[in-house]
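Enquirer: This is the structure, below, for whatever I ask next.
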Amino acid sequence: MTENRDFIQNVSYDSVIFGFNGSQLKILVLEYHNTGYFALPGGFVKMNESLDDAVKNGVSQRTGLQDIYLEQFYTFGSLERSDPKIMEKILTENNLDLEQYGWMLGRFLSIGYYALINYEEVSLKPDELSDSINWYSIDELPPLMMDHREMVERALEVLRNNLERKLVGMNLLPVKFTMKQLQQVYEAILGEELRRTTFQRKMLSMDILVRHEKLFQGKAHKAPYLYSFK
């Protein structure tokens with residue numbers, strides 16, 4: 001752990017990291033050592049780095065990925081969000097001196113980012129205070145500490161509202177994908193089923209896709225085309 005003088009005081013970040021496993025939208029969640037506390041991956045900002053770089057480095061350390069789509073979506077600053085007892089337990093269970101790391105018990109403003117990554121390419125690694133980091137589906141999240149559940153809900157709202165503009169599928173799918181795979185991403189994020197013909201017509205009319213060869217897996221006449229984003 002690093003000394004408090006190395007960080008911008010009372011500012012932190014938390015990241016809602018989305019991945020898609022082919023049918024479900026999932027989120028990365030940490031479990032702190034010997035506490036039963038579950039949390040989003042987050043961290044602090046060093047004096048000699050930008051906020052964006054701090055978040056990119058943090059997400060990269062948790063996932064093993066470098067090329068990550070990240071977007072800042074909200075700043076969380078309510079008076080109730082910080083709980084020194086939670087942080088005290090986390091520090092104590094990790095045998096960290098409360099006097100030396102007492103700066104972590106204060107009130108923090110947390111800047112929320114969401115990340116979109118390829119589920120198949122990650123190499124997960126918990127942070128130094130945690131025992132594990134795992135994928136959880138949106139509908140099966142463990143109880144998250146402090147206001148981290150609100151962070152997930154706000155990130156998902158922003159993701160849904162910006163679905164068309166951000167073309168989020170490009171970070172949740174392989175480079176080449178079928179129209180069905182693209183539709184599954186949209187359905188997982190929106191939480192609803194879409195009509196296949198309507199969805200396909202809409203995607204093709206947006207002029208954002210490049211059509212490639214067919215994906216032959218069974219009967220040739222049923223082989224779907226592969227697509228990629230322009």
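Ordering of the structure tokens sets the chain letters (A, B, ...), residue numbers begin anew at 1 in every chain, and ligands are numbered from 1 in the order given.
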Per residue of region 151-194 of chain A within 10 Å of region 100-120 of chain A, record the nearest atom pair and its distance in Å to one decimal, counting only C-alpha atoms, with rows in chain order and ascending residue number, as JSON lines.
Expert:
```
{"residue": "A:Met151", "atom": "CA", "partner": "A:Gly112", "partner_atom": "CA", "distance": 7.0}
{"residue": "A:Val152", "atom": "CA", "partner": "A:Tyr114", "partner_atom": "CA", "distance": 8.8}
{"residue": "A:Arg154", "atom": "CA", "partner": "A:Gly112", "partner_atom": "CA", "distance": 9.2}
{"residue": "A:Ala155", "atom": "CA", "partner": "A:Tyr114", "partner_atom": "CA", "distance": 6.3}
{"residue": "A:Leu156", "atom": "CA", "partner": "A:Tyr114", "partner_atom": "CA", "distance": 8.7}
{"residue": "A:Val158", "atom": "CA", "partner": "A:Tyr114", "partner_atom": "CA", "distance": 9.2}
{"residue": "A:Leu159", "atom": "CA", "partner": "A:Tyr114", "partner_atom": "CA", "distance": 8.5}
{"residue": "A:Val168", "atom": "CA", "partner": "A:Leu116", "partner_atom": "CA", "distance": 7.1}
{"residue": "A:Gly169", "atom": "CA", "partner": "A:Leu116", "partner_atom": "CA", "distance": 8.5}
{"residue": "A:Met170", "atom": "CA", "partner": "A:Leu116", "partner_atom": "CA", "distance": 8.8}
{"residue": "A:Asn171", "atom": "CA", "partner": "A:Ile117", "partner_atom": "CA", "distance": 5.2}
{"residue": "A:Leu172", "atom": "CA", "partner": "A:Asn118", "partner_atom": "CA", "distance": 4.7}
{"residue": "A:Leu173", "atom": "CA", "partner": "A:Asn118", "partner_atom": "CA", "distance": 6.1}
{"residue": "A:Pro174", "atom": "CA", "partner": "A:Asn118", "partner_atom": "CA", "distance": 7.2}
{"residue": "A:Val175", "atom": "CA", "partner": "A:Asn118", "partner_atom": "CA", "distance": 10.0}
```
Enquirer: Could you pull the residues within 10 Å of Leu65 (chain A), counting only C-alpha atoms, minus those fewer than 6 positions along the same chain, as JSON, numbers by chain?
Expert: {"A": [56, 57, 59, 117, 118, 121, 122, 123, 124]}
Enquirer: May I have the residues from that selection written out with N, CA and C atoms, as a compact mmCIF listing (two decimals), in the first residue's frame?
Expert:
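So the final result, stored in again.txt, reads:
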```
# COMPACT_ATOMS: atom_id res chain seq x y z
N LYS A 56 -7.76 3.71 -15.99
CA LYS A 56 -7.28 2.75 -16.99
C LYS A 56 -6.29 1.77 -16.39
N ASN A 57 -5.37 2.27 -15.57
CA ASN A 57 -4.39 1.40 -14.93
C ASN A 57 -5.07 0.43 -13.98
N VAL A 59 -8.26 -0.67 -13.96
CA VAL A 59 -9.05 -1.67 -14.68
C VAL A 59 -8.14 -2.67 -15.38
N ILE A 117 -15.74 -4.63 -21.82
CA ILE A 117 -14.62 -5.49 -22.18
C ILE A 117 -15.12 -6.82 -22.74
N ASN A 118 -14.22 -7.50 -23.44
CA ASN A 118 -14.52 -8.83 -23.98
C ASN A 118 -14.36 -9.86 -22.88
N GLU A 121 -11.51 -12.57 -22.99
CA GLU A 121 -10.10 -12.21 -23.06
C GLU A 121 -9.48 -11.80 -21.73
N VAL A 122 -10.25 -11.78 -20.66
CA VAL A 122 -9.74 -11.26 -19.38
C VAL A 122 -8.86 -12.27 -18.66
N SER A 123 -7.97 -11.75 -17.86
CA SER A 123 -7.17 -12.54 -16.93
C SER A 123 -7.33 -11.86 -15.57
N LEU A 124 -8.30 -12.33 -14.79
CA LEU A 124 -8.73 -11.62 -13.59
C LEU A 124 -7.70 -11.71 -12.46
```
Enquirer: Write out as a PyMOL selection string all residues of region 55-174 of chain A that DSSP puts in alpha helix (DSSP H) for this structure's backbone.
Expert: chain A and resi 55-63+84-93+148-161+163-166+169-172
Enquirer: Please report as CSV every residue of region 35-97 of chain A lying within 7 Å of region 9-17 of chain A, along with the nearest atom pair and their distance in Å (one decimal), using only C-alpha atoms.
Expert:
```
residue,atom,partner,partner_atom,distance
A:Leu40,CA,A:Ser15,CA,6.2
A:Pro41,CA,A:Ser15,CA,5.7
A:Gly42,CA,A:Asp14,CA,4.1
A:Gly43,CA,A:Tyr13,CA,5.6
A:Phe44,CA,A:Ser12,CA,4.6
A:Val45,CA,A:Ser12,CA,6.5
```
Enquirer: If we count only C-alpha atoms, what is near region 192-203 of chain A at a cut-off of 12 Å, once residues fewer than 6 positions away on the same chain are taken out, given as a PyMOL selection string?
Expert: chain A and resi 23-24+160+164+167+169+178-186+209-211+225+227-229
Enquirer: Please run DSSP on the backbone and report, as a ChimeraX atom specification, all residues within region 17-197 of chain A that come out as strand (DSSP E or B).
Expert: /A:17-20,25-32,38-39,42-46,69-76,109-118,130-137,144,177-178
Enquirer: May I have the residues within 12 Å of Lys89 (chain A) as number ranges by chain, using only C-alpha atoms and disregarding those fewer than 4 positions away in the same chain?
Expert: A: 32-37, 83-85, 93-98, 102, 104-105, 129
Enquirer: As an exercise, work out the distance from CA of Gly19 (chain A) to CA of Pro126 (chain A) in Å and give it to one decimal place.
Expert: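 Rounded to one decimal, the two atoms are 16.6 Å apart.
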Enquirer: Identify which of the residues A:Asp6, A:Val29, A:Leu70, A:Phe76 lies closest to Asn48 (chain A), counting only C-alpha atoms when measuring atom-to-atom distances.
Expert: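 When distances to Asn48 (chain A) are compared using only C-alpha atoms, the smallest one comes from A:Asp6.
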Enquirer: To one decimal place, how far is CA of Phe177 (chain A) from CA of Pro224 (chain A) in Å?
Expert: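 Those two atoms sit 9.6 Å apart.
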Enquirer: Give me the residues near Ala39 (chain A) as a ChimeraX atom specification, where near means some atom within 6 Å (using only C-alpha atoms) and where sequence neighbours in that chain fewer than 6 positions away do not count.
Expert: /A:29-30,144-145
Enquirer: For the residues in that selection, give me N, CA, C and O atoms as a PDB file, in the first residue's frame.
Expert:
```pdb
ATOM      1  N   VAL A  29     -16.926  -8.079  -9.639  1.00  0.00           N
ATOM      2  CA  VAL A  29     -17.087  -7.698  -8.236  1.00  0.00           C
ATOM      3  C   VAL A  29     -15.957  -8.321  -7.413  1.00  0.00           C
ATOM      4  O   VAL A  29     -15.620  -9.490  -7.587  1.00  0.00           O
ATOM      5  N   LEU A  30     -15.386  -7.515  -6.518  1.00  0.00           N
ATOM      6  CA  LEU A  30     -14.345  -7.969  -5.595  1.00  0.00           C
ATOM      7  C   LEU A  30     -14.958  -8.396  -4.270  1.00  0.00           C
ATOM      8  O   LEU A  30     -15.995  -7.877  -3.854  1.00  0.00           O
ATOM      9  N   LEU A 144     -23.759  -5.398  -2.343  1.00  0.00           N
ATOM     10  CA  LEU A 144     -22.584  -4.552  -2.494  1.00  0.00           C
ATOM     11  C   LEU A 144     -22.516  -3.509  -1.387  1.00  0.00           C
ATOM     12  O   LEU A 144     -23.536  -2.998  -0.939  1.00  0.00           O
ATOM     13  N   MET A 145     -21.314  -3.205  -0.950  1.00  0.00           N
ATOM     14  CA  MET A 145     -21.148  -2.290   0.180  1.00  0.00           C
ATOM     15  C   MET A 145     -21.393  -0.841  -0.249  1.00  0.00           C
ATOM     16  O   MET A 145     -21.342  -0.484  -1.411  1.00  0.00           O
TER      17      MET A 145
END
```
Enquirer: Using only C-alpha atoms, which of the listed residues (A:His148, A:Arg81, A:Tyr136, A:Leu25) sits closest to Gly191 (chain A)?
Expert: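 Between A:His148, A:Arg81, A:Tyr136, A:Leu25, the residue approaching Gly191 (chain A) most closely is A:Leu25.
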Enquirer: Quick one: distance from CA of Phe38 (chain A) to CA of Ser60 (chain A) in Å, one decimal?
Expert: 19.6 Å
